[in-house]
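Visitor: Input input_25.cif, format and content: mmCIF, C-alpha atoms.
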```cif
data_protein
loop_
_atom_site.group_PDB
_atom_site.id
_atom_site.type_symbol
_atom_site.label_atom_id
_atom_site.label_comp_id
_atom_site.auth_asym_id
_atom_site.auth_seq_id
_atom_site.Cartn_x
_atom_site.Cartn_y
_atom_site.Cartn_z
ATOM 1 C CA MET W 1029 3.474 7.125 0.524
ATOM 2 C CA ARG W 1030 6.685 7.981 2.350
ATOM 3 C CA ALA W 1031 8.998 7.743 -0.606
ATOM 4 C CA SER W 1032 12.599 8.436 0.358
ATOM 5 C CA LYS W 1033 14.603 7.150 -2.611
ATOM 6 C CA ILE W 1034 13.336 8.304 -5.992
ATOM 7 C CA LEU W 1035 14.694 7.618 -9.471
ATOM 8 C CA VAL W 1036 14.114 10.427 -11.995
ATOM 9 C CA VAL W 1037 14.676 9.265 -15.578
ATOM 10 C CA ASP W 1038 14.665 11.759 -18.444
ATOM 11 C CA GLY W 1039 16.949 12.445 -21.411
ATOM 12 C CA SER W 1040 16.554 16.201 -20.951
ATOM 13 C CA GLY W 1041 18.808 17.762 -18.330
ATOM 14 C CA VAL W 1042 16.383 20.668 -17.904
ATOM 15 C CA SER W 1043 13.449 18.315 -17.291
ATOM 16 C CA ARG W 1044 15.462 16.208 -14.820
ATOM 17 C CA GLU W 1045 16.381 19.355 -12.901
ATOM 18 C CA LEU W 1046 12.778 20.615 -12.776
ATOM 19 C CA VAL W 1047 11.338 17.267 -11.676
ATOM 20 C CA THR W 1048 14.092 16.792 -9.093
ATOM 21 C CA ARG W 1049 13.503 20.242 -7.616
ATOM 22 C CA ILE W 1050 9.735 19.737 -7.349
ATOM 23 C CA LEU W 1051 10.088 16.271 -5.775
ATOM 24 C CA THR W 1052 12.661 17.571 -3.287
ATOM 25 C CA ASN W 1053 10.370 20.409 -2.246
ATOM 26 C CA THR W 1054 7.231 18.262 -2.134
ATOM 27 C CA ILE W 1055 8.291 14.952 -0.533
ATOM 28 C CA GLU W 1056 9.887 15.141 2.893
ATOM 29 C CA GLN W 1057 13.428 13.701 3.139
ATOM 30 C CA ALA W 1058 13.443 12.612 -0.492
ATOM 31 C CA VAL W 1059 16.745 11.399 -1.933
ATOM 32 C CA ILE W 1060 16.676 11.882 -5.701
ATOM 33 C CA THR W 1061 18.818 9.959 -8.179
ATOM 34 C CA PRO W 1062 18.671 11.495 -11.688
ATOM 35 C CA CYS W 1063 19.322 9.262 -14.710
ATOM 36 C CA LYS W 1064 19.565 10.308 -18.355
ATOM 37 C CA SER W 1065 18.846 6.895 -19.904
ATOM 38 C CA GLY W 1066 16.862 3.734 -19.343
ATOM 39 C CA ARG W 1067 19.954 1.541 -19.152
ATOM 40 C CA GLU W 1068 21.525 3.753 -16.496
ATOM 41 C CA ALA W 1069 18.303 3.625 -14.474
ATOM 42 C CA LEU W 1070 17.989 -0.167 -14.756
ATOM 43 C CA ALA W 1071 21.578 -0.522 -13.526
ATOM 44 C CA ARG W 1072 20.700 1.615 -10.517
ATOM 45 C CA LEU W 1073 17.608 -0.485 -9.823
ATOM 46 C CA ALA W 1074 19.641 -3.686 -10.004
ATOM 47 C CA ALA W 1075 22.078 -2.338 -7.411
ATOM 48 C CA ASP W 1076 19.737 -0.591 -4.951
ATOM 49 C CA ARG W 1077 16.121 -0.326 -3.765
ATOM 50 C CA TYR W 1078 13.929 2.658 -4.667
ATOM 51 C CA ASN W 1079 10.475 3.797 -3.564
ATOM 52 C CA LEU W 1080 9.342 5.632 -6.703
ATOM 53 C CA VAL W 1081 10.336 6.013 -10.358
ATOM 54 C CA THR W 1082 9.410 8.886 -12.676
ATOM 55 C CA THR W 1083 10.227 8.570 -16.363
ATOM 56 C CA SER W 1084 9.731 10.328 -19.646
ATOM 57 C CA LEU W 1085 7.731 8.436 -22.252
ATOM 58 C CA VAL W 1086 10.598 8.862 -24.716
ATOM 59 C CA LEU W 1087 14.128 8.052 -23.517
ATOM 60 C CA PRO W 1088 17.390 8.377 -25.503
ATOM 61 C CA ASP W 1089 18.045 4.646 -25.569
ATOM 62 C CA MET W 1090 14.638 2.989 -25.228
ATOM 63 C CA ASP W 1091 10.899 3.479 -25.185
ATOM 64 C CA GLY W 1092 9.539 4.654 -21.828
ATOM 65 C CA LEU W 1093 6.906 1.920 -21.627
ATOM 66 C CA ASP W 1094 9.495 -0.740 -22.462
ATOM 67 C CA PHE W 1095 11.527 0.718 -19.608
ATOM 68 C CA CYS W 1096 8.533 0.321 -17.286
ATOM 69 C CA ARG W 1097 8.078 -3.293 -18.394
ATOM 70 C CA ALA W 1098 11.755 -3.947 -17.642
ATOM 71 C CA ILE W 1099 11.355 -2.516 -14.137
ATOM 72 C CA ARG W 1100 8.519 -4.940 -13.449
ATOM 73 C CA GLN W 1101 10.995 -7.750 -14.163
ATOM 74 C CA THR W 1102 13.612 -6.353 -11.764
ATOM 75 C CA PRO W 1103 13.791 -8.281 -8.442
ATOM 76 C CA GLY W 1104 12.529 -6.171 -5.553
ATOM 77 C CA HIS W 1105 10.793 -3.611 -7.775
ATOM 78 C CA GLN W 1106 7.863 -5.590 -9.173
ATOM 79 C CA HIS W 1107 5.409 -3.363 -7.286
ATOM 80 C CA ILE W 1108 7.252 -0.032 -7.220
ATOM 81 C CA PRO W 1109 5.061 2.985 -8.136
ATOM 82 C CA MET W 1110 5.961 4.353 -11.586
ATOM 83 C CA ILE W 1111 4.914 7.743 -12.992
ATOM 84 C CA VAL W 1112 5.259 8.571 -16.673
ATOM 85 C CA ILE W 1113 5.759 12.278 -17.434
ATOM 86 C CA SER W 1114 4.899 13.226 -21.013
ATOM 87 C CA GLY W 1115 3.140 15.815 -23.109
ATOM 88 C CA ASP W 1116 1.547 13.300 -25.491
ATOM 89 C CA ALA W 1117 0.744 10.422 -23.173
ATOM 90 C CA ASP W 1118 -3.034 10.194 -23.291
ATOM 91 C CA GLN W 1119 -3.865 7.785 -26.122
ATOM 92 C CA ARG W 1120 -0.842 5.533 -25.864
ATOM 93 C CA LEU W 1121 -0.948 5.141 -22.099
ATOM 94 C CA LEU W 1122 -4.651 4.372 -22.169
ATOM 95 C CA LYS W 1123 -3.909 1.520 -24.587
ATOM 96 C CA GLU W 1124 -0.609 0.210 -23.222
ATOM 97 C CA GLY W 1125 -0.003 1.732 -19.780
ATOM 98 C CA PHE W 1126 -1.769 -0.913 -17.720
ATOM 99 C CA ALA W 1127 0.082 -3.794 -19.369
ATOM 100 C CA ALA W 1128 3.391 -1.929 -18.938
ATOM 101 C CA GLY W 1129 2.794 -1.551 -15.201
ATOM 102 C CA VAL W 1130 2.445 2.252 -15.171
ATOM 103 C CA THR W 1131 0.933 3.479 -11.906
ATOM 104 C CA ASP W 1132 0.040 7.002 -13.052
ATOM 105 C CA TYR W 1133 1.092 9.685 -15.490
ATOM 106 C CA PHE W 1134 1.421 13.469 -15.569
ATOM 107 C CA ASP W 1135 0.649 15.530 -18.654
ATOM 108 C CA LYS W 1136 3.407 18.123 -19.079
ATOM 109 C CA SER W 1137 1.017 20.400 -20.984
ATOM 110 C CA HIS W 1138 -0.430 21.366 -17.583
ATOM 111 C CA GLY W 1139 2.917 22.925 -16.690
ATOM 112 C CA TYR W 1140 5.501 21.922 -14.124
ATOM 113 C CA PRO W 1141 3.973 24.081 -11.329
ATOM 114 C CA ALA W 1142 0.972 21.695 -11.481
ATOM 115 C CA PHE W 1143 3.334 18.756 -10.988
ATOM 116 C CA ALA W 1144 3.769 19.604 -7.290
ATOM 117 C CA ALA W 1145 0.014 19.294 -6.674
ATOM 118 C CA PHE W 1146 -0.035 16.087 -8.716
ATOM 119 C CA ILE W 1147 2.760 14.565 -6.598
ATOM 120 C CA LYS W 1148 1.045 15.488 -3.334
ATOM 121 C CA ASP W 1149 -2.157 13.819 -4.511
ATOM 122 C CA PHE W 1150 -0.255 10.801 -5.860
ATOM 123 C CA CYS W 1151 1.506 10.276 -2.516
ATOM 124 C CA ARG W 1152 -1.821 10.512 -0.695
ATOM 125 C CA ARG W 1153 -3.426 7.931 -2.988
ATOM 126 C CA ASN W 1154 -0.472 5.557 -2.865
ATOM 127 C CA SER W 1155 0.297 5.634 0.824
ATOM 128 C CA GLY W 1156 -1.401 2.277 1.532
ATOM 129 C CA LEU W 1157 1.622 0.162 2.401
ATOM 130 C CA VAL W 1158 2.609 2.039 5.522
ATOM 131 C CA GLY W 1159 1.056 0.392 8.536
ATOM 132 C CA ARG W 1160 0.988 -2.122 11.363
ATOM 133 C CA VAL W 1161 -0.507 -5.567 10.832
ATOM 134 C CA LEU W 1162 -1.774 -8.067 13.401
ATOM 135 C CA TYR W 1163 -1.461 -11.430 11.640
ATOM 136 C CA VAL W 1164 -3.105 -14.602 12.980
ATOM 137 C CA GLU W 1165 -1.959 -17.919 11.507
ATOM 138 C CA ASP W 1166 -1.422 -21.293 13.244
ATOM 139 C CA SER W 1167 0.656 -22.813 10.430
ATOM 140 C CA THR W 1168 4.347 -22.093 11.042
ATOM 141 C CA THR W 1169 5.218 -22.595 7.375
ATOM 142 C CA ALA W 1170 2.417 -20.385 6.031
ATOM 143 C CA ALA W 1171 3.182 -17.707 8.634
ATOM 144 C CA ALA W 1172 6.872 -17.578 7.714
ATOM 145 C CA ILE W 1173 6.067 -17.101 4.022
ATOM 146 C CA LEU W 1174 3.479 -14.363 4.525
ATOM 147 C CA LEU W 1175 5.576 -12.594 7.164
ATOM 148 C CA ARG W 1176 8.452 -12.259 4.708
ATOM 149 C CA LEU W 1177 6.093 -11.042 1.999
ATOM 150 C CA LEU W 1178 4.414 -8.386 4.153
ATOM 151 C CA GLU W 1179 7.675 -7.129 5.609
ATOM 152 C CA ARG W 1180 9.233 -6.989 2.142
ATOM 153 C CA HIS W 1181 6.458 -4.560 1.219
ATOM 154 C CA GLY W 1182 7.379 -2.325 4.151
ATOM 155 C CA LEU W 1183 4.730 -3.342 6.691
ATOM 156 C CA GLN W 1184 5.289 -3.824 10.421
ATOM 157 C CA VAL W 1185 3.868 -7.235 11.327
ATOM 158 C CA THR W 1186 3.023 -8.813 14.679
ATOM 159 C CA HIS W 1187 2.347 -12.528 14.272
ATOM 160 C CA VAL W 1188 0.370 -14.658 16.743
ATOM 161 C CA SER W 1189 -0.629 -18.279 16.253
ATOM 162 C CA SER W 1190 -4.129 -18.271 17.796
ATOM 163 C CA ALA W 1191 -7.243 -16.162 18.140
ATOM 164 C CA GLU W 1192 -6.782 -16.266 21.908
ATOM 165 C CA GLN W 1193 -3.384 -14.586 21.599
ATOM 166 C CA ALA W 1194 -4.842 -12.060 19.162
ATOM 167 C CA LEU W 1195 -7.519 -11.132 21.722
ATOM 168 C CA LEU W 1196 -4.803 -10.159 24.203
ATOM 169 C CA ARG W 1197 -3.221 -7.897 21.588
ATOM 170 C CA LEU W 1198 -6.568 -6.352 20.728
ATOM 171 C CA GLU W 1199 -7.306 -5.697 24.401
ATOM 172 C CA ALA W 1200 -3.974 -3.868 24.589
ATOM 173 C CA MET W 1201 -5.020 -1.903 21.500
ATOM 174 C CA ARG W 1202 -8.330 -0.924 23.115
ATOM 175 C CA GLN W 1203 -6.417 0.315 26.148
ATOM 176 C CA GLY W 1204 -4.057 2.317 23.975
ATOM 177 C CA ARG W 1205 -0.951 0.231 24.763
ATOM 178 C CA GLU W 1206 -0.650 -1.215 21.235
ATOM 179 C CA GLY W 1207 -1.898 -0.155 17.831
ATOM 180 C CA TYR W 1208 -2.736 -1.961 14.588
ATOM 181 C CA ASP W 1209 -4.026 -0.703 11.249
ATOM 182 C CA ILE W 1210 -5.310 -4.013 9.878
ATOM 183 C CA LEU W 1211 -6.039 -7.545 11.096
ATOM 184 C CA ILE W 1212 -5.249 -10.488 8.813
ATOM 185 C CA THR W 1213 -6.446 -13.876 10.030
ATOM 186 C CA ASP W 1214 -6.992 -17.374 8.735
ATOM 187 C CA PHE W 1215 -10.614 -18.463 9.044
ATOM 188 C CA HIS W 1216 -9.611 -21.941 10.250
ATOM 189 C CA LEU W 1217 -7.414 -21.931 13.365
ATOM 190 C CA GLY W 1218 -6.253 -24.869 15.471
ATOM 191 C CA GLU W 1219 -7.261 -23.685 18.953
ATOM 192 C CA ALA W 1220 -10.751 -23.452 20.445
ATOM 193 C CA MET W 1221 -11.539 -20.165 18.710
ATOM 194 C CA SER W 1222 -11.786 -19.938 14.935
ATOM 195 C CA GLY W 1223 -11.040 -16.905 12.806
ATOM 196 C CA GLY W 1224 -14.776 -16.338 12.638
ATOM 197 C CA ASP W 1225 -14.962 -16.266 16.446
ATOM 198 C CA LEU W 1226 -12.120 -13.735 16.487
ATOM 199 C CA LEU W 1227 -13.909 -11.575 13.933
ATOM 200 C CA HIS W 1228 -17.048 -11.660 16.068
ATOM 201 C CA ALA W 1229 -15.033 -10.523 19.102
ATOM 202 C CA VAL W 1230 -13.467 -7.677 17.106
ATOM 203 C CA ARG W 1231 -16.848 -6.261 16.150
ATOM 204 C CA VAL W 1232 -19.030 -7.202 19.150
ATOM 205 C CA ARG W 1233 -16.697 -7.351 22.149
ATOM 206 C CA PHE W 1234 -14.232 -4.617 21.255
ATOM 207 C CA HIS W 1235 -16.597 -2.635 19.022
ATOM 208 C CA PHE W 1236 -13.889 -1.880 16.455
ATOM 209 C CA THR W 1237 -15.626 -0.696 13.300
ATOM 210 C CA ARG W 1238 -14.691 -1.804 9.783
ATOM 211 C CA GLU W 1239 -12.931 1.541 9.344
ATOM 212 C CA GLN W 1240 -11.179 1.536 12.722
ATOM 213 C CA LEU W 1241 -9.773 -1.989 12.276
ATOM 214 C CA PRO W 1242 -10.219 -3.466 8.789
ATOM 215 C CA VAL W 1243 -10.143 -7.285 8.729
ATOM 216 C CA LEU W 1244 -8.911 -9.473 5.890
ATOM 217 C CA MET W 1245 -9.960 -13.128 6.177
ATOM 218 C CA MET W 1246 -8.054 -16.005 4.543
ATOM 219 C CA THR W 1247 -9.255 -19.519 3.843
ATOM 220 C CA GLY W 1248 -8.095 -22.624 2.049
ATOM 221 C CA ASN W 1249 -11.471 -23.433 0.544
ATOM 222 C CA ASP W 1250 -13.886 -21.663 -1.792
ATOM 223 C CA ASP W 1251 -17.025 -22.215 0.289
ATOM 224 C CA LEU W 1252 -19.271 -19.279 -0.608
ATOM 225 C CA GLN W 1253 -21.368 -19.734 2.518
ATOM 226 C CA THR W 1254 -18.276 -19.285 4.691
ATOM 227 C CA GLN W 1255 -17.433 -16.071 2.846
ATOM 228 C CA VAL W 1256 -20.987 -14.758 3.229
ATOM 229 C CA GLU W 1257 -20.933 -15.514 6.957
ATOM 230 C CA ALA W 1258 -17.571 -13.769 7.326
ATOM 231 C CA PHE W 1259 -18.818 -10.650 5.571
ATOM 232 C CA HIS W 1260 -21.966 -10.591 7.706
ATOM 233 C CA ALA W 1261 -19.793 -10.931 10.817
ATOM 234 C CA GLY W 1262 -17.808 -7.852 9.832
ATOM 235 C CA ALA W 1263 -14.964 -8.901 7.526
ATOM 236 C CA ASN W 1264 -13.893 -6.199 5.088
ATOM 237 C CA ASP W 1265 -12.490 -8.582 2.481
ATOM 238 C CA PHE W 1266 -11.651 -12.225 1.768
ATOM 239 C CA VAL W 1267 -8.755 -14.005 0.019
ATOM 240 C CA GLN W 1268 -8.294 -17.676 -0.825
ATOM 241 C CA LYS W 1269 -5.229 -19.832 -0.342
ATOM 242 C CA PRO W 1270 -2.882 -20.447 -2.043
ATOM 243 C CA LEU W 1271 -2.323 -16.698 -1.952
ATOM 244 C CA VAL W 1272 -1.480 -14.719 -5.070
ATOM 245 C CA GLU W 1273 0.883 -11.932 -4.039
ATOM 246 C CA GLU W 1274 -0.490 -9.270 -6.372
ATOM 247 C CA ILE W 1275 -4.104 -9.912 -5.316
ATOM 248 C CA LEU W 1276 -3.255 -10.110 -1.621
ATOM 249 C CA MET W 1277 -1.230 -6.898 -1.603
ATOM 250 C CA ALA W 1278 -3.858 -5.011 -3.603
ATOM 251 C CA ARG W 1279 -6.454 -5.910 -0.977
ATOM 252 C CA VAL W 1280 -4.100 -5.105 1.889
ATOM 253 C CA ARG W 1281 -3.418 -1.713 0.302
ATOM 254 C CA SER W 1282 -7.146 -1.005 -0.024
ATOM 255 C CA LEU W 1283 -7.810 -1.865 3.615
ATOM 256 C CA LEU W 1284 -4.882 0.215 4.846
ATOM 257 C CA LEU W 1285 -6.235 3.167 2.882
ATOM 258 C CA ILE W 1286 -9.572 2.708 4.660
ATOM 259 C CA ARG W 1287 -7.762 2.895 8.000
ATOM 260 C CA GLN W 1288 -5.763 5.946 6.925
ATOM 261 C CA GLN W 1289 -8.926 7.729 5.839
ATOM 262 C CA TYR W 1290 -10.465 6.880 9.219
ATOM 263 C CA ASP W 1291 -7.440 8.375 11.007
ATOM 264 C CA ALA W 1292 -7.609 11.498 8.847
ATOM 265 C CA LEU W 1293 -11.308 11.976 9.655
ATOM 266 C CA GLN W 1294 -10.602 11.495 13.359
ATOM 267 C CA ARG W 1295 -7.866 14.142 13.278
ATOM 268 C CA PHE W 1296 -10.156 16.487 11.372
ATOM 269 C CA ALA W 1297 -12.934 16.009 13.947
ATOM 270 C CA GLU W 1298 -10.547 16.555 16.864
ATOM 271 C CA GLU W 1299 -9.169 19.719 15.289
ATOM 272 C CA GLY W 1300 -12.726 20.962 14.767
ATOM 273 C CA GLU W 1301 -13.570 20.332 18.417
ATOM 274 C CA ARG W 1302 -10.439 22.181 19.575
ATOM 275 C CA GLU W 1303 -11.247 25.142 17.363
ATOM 276 C CA ALA W 1304 -14.831 25.202 18.663
ATOM 277 C CA VAL W 1305 -13.624 25.221 22.277
ATOM 278 C CA ALA W 1306 -11.060 27.943 21.540
ATOM 279 C CA PHE W 1307 -13.717 30.059 19.849
#
```
If you convert what's in this file into C-alpha cells, what do you get?
Guide:
Amino acid sequence: MRASKILVVDGSGVSRELVTRILTNTIEQAVITPCKSGREALARLAADRYNLVTTSLVLPDMDGLDFCRAIRQTPGHQHIPMIVISGDADQRLLKEGFAAGVTDYFDKSHGYPAFAAFIKDFCRRNSGLVGRVLYVEDSTTAAAILLRLLERHGLQVTHVSSAEQALLRLEAMRQGREGYDILITDFHLGEAMSGGDLLHAVRVRFHFTREQLPVLMMTGNDDLQTQVEAFHAGANDFVQKPLVEEILMARVRSLLLIRQQYDALQRFAEEGEREAVAF
C-alpha cells in the first residue's frame, strides 16, 4: 500500500508524536496529519482524501469504534484502511471490530518499536489496489460505471470493447510493450469472440499463468455450468451482475495480491540467479 496521506488520531500528544515519527520513518513520502479528537479528524476527512487512518480506541470526545463507524459513512472513505492502536483491544475488537469497519489493530503492550514492523507488514498485506487493469466490456453504460469505480479506488484502467481488441493489448504485453496486472472481462461479448474465448487465448495462446495474469470473469446470469467452464478454462474468480462494489473490490484486491506475489517471486529468483553468476 503506497499510503501518502495518513490521519493519526489520538488524545495523547506523546502517542501522536510517537506514531507520527514511526509512520514517517516507515512509509516512504508519507504526509501525516495528527488529530487530537474524533470530531477534528472527521472534519479533516470531510475536506480531504486520505489513504490510511490510525486511531486510539479511546478518544477524548468519542469512542474509537464509533469513530471508525463514522468514517465508513464519509463519502470517499468507505474503504479506507483503518488501524486501531490500543493496549486493551483484544476482546472488544474481536466482538465489534468487524462491524465497525476496522481493518487491523496494534496492541500497544508490544511496545512502539514493534509498531514499525507491524506497519511494514500491514502495508505489504494491504497493497492490493495498486495496479493496471485491462477491462473488456462491450456495454458503454456498464463500462463507464465500472471505469469510474475502479479509478476511484486508485487503479489504472485500460478499457476495450471486444475480445479482439484485448488480444492486441495482450500481444503487446507478451512483447513487453504494455503491462497489466489483472484482466477483467464480461463473459458475454457482442463480437465474434466471447469472454470465454478470450480466457482460452490468455491461457493457451499467450501462456499467461493464473499468477502472471489473474482473470476475473463477470456475467449477468447465475448459470453454474458457465462458471464451472470458466474456472476450468483458467479464470481465477467470478462475479455476477449487477455488481456489488464491496464484493467486486475485495476480489480485485485478492487477484492483485496474487500478481504482486508473483512479481516478488520473480524478482527473488532473478536476484538469486545474479548472485549465483557473481559467485
Visitor: Kindly list the centre and edge lengths in Å, rounded to one decimal, for the axis-aligned box that covers all listed atoms of stretch 1139-1146 of chain W plus 5 Å on each of its six sides, as AutoDock Vina command-line options.
Guide:
```
--center_x 2.7 --center_y 20.1 --center_z -11.7 --size_x 15.5 --size_y 18.0 --size_z 20.0
```
Visitor: Which residues, written as a ChimeraX atom specification, have at least one atom at most 9 Å from W:Ala1194, with all atoms listed in the file counted and residues fewer than 3 positions away on the same chain left out?
Guide: /W:1162-1164,1187-1191,1197-1199,1226
Visitor: Please evaluate the PyMOL selection byres ((chain W and resi 1210-1212) around 10) against the displayed coordinates and give the resulting residues as number ranges by chain.
Guide: W: 1159-1165, 1185-1187, 1194, 1198, 1207-1209, 1213-1215, 1223, 1227, 1230, 1238-1246, 1263-1266, 1280, 1283-1284, 1286-1287
Visitor: Select, from W:Gln1203, W:Ser1282, W:Gln1255, W:Thr1083, the residue with the minimum atom-to-atom distance to W:Gly1224, counting only C-alpha atoms.
Guide: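 For W:Gly1224, the nearest of the given residues is W:Gln1255.
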Visitor: Give the answer as one residue: which of W:His1181, W:Arg1077, W:Lys1136, W:Arg1152 has the shortest atom-to-atom distance to W:Ser1043, using only C-alpha atoms?
Guide: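 With only C-alpha atoms as the atom set, the closest residue is W:Lys1136.
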Visitor: Taking 6 positions as the minimum chain separation for residues in the same chain, which residues sit within 12 Å of W:Glu1273 when counting all atoms listed in the file? Answer as a list in words.
Guide: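 The neighbour list is Gln1106, His1107, Ile1173, Leu1174, Arg1176, Leu1177, Leu1178, Arg1180, His1181, Val1267, Arg1279, Val1280 and Arg1281 of chain W.
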Visitor: Give me, as number ranges by chain, all polymer residues having an atom no more than 8 Å from stretch 1059-1076 of chain W, counting only C-alpha atoms and skipping those fewer than 6 positions away in the same chain.
Guide: W: 1032-1041, 1044, 1048, 1051-1052, 1087-1090, 1092, 1095, 1098-1099, 1102-1103, 1105
Visitor: Tell me which residues the PyMOL selection byres ((chain W and resi 1114-1129) around 7) grabs here, as a PyMOL selection string.
Guide: chain W and resi 1084-1085+1093+1096-1097+1100+1112-1113+1130-1131+1134-1137
Visitor: Pick from W:Asp1291, W:Glu1192, W:Glu1056, W:Glu1219: nearest to W:Lys1148, with all atoms listed in the file counted?
Guide: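 Selected residue with least distance to W:Lys1148: W:Glu1056.
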Visitor: Taking only C-alpha atoms into account, which of W:Ala1200, W:Asp1251, W:Gly1262, W:Gln1288 comes nearest W:Arg1153?
Guide: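 Among W:Ala1200, W:Asp1251, W:Gly1262, W:Gln1288, it is W:Gln1288 that comes nearest to W:Arg1153.
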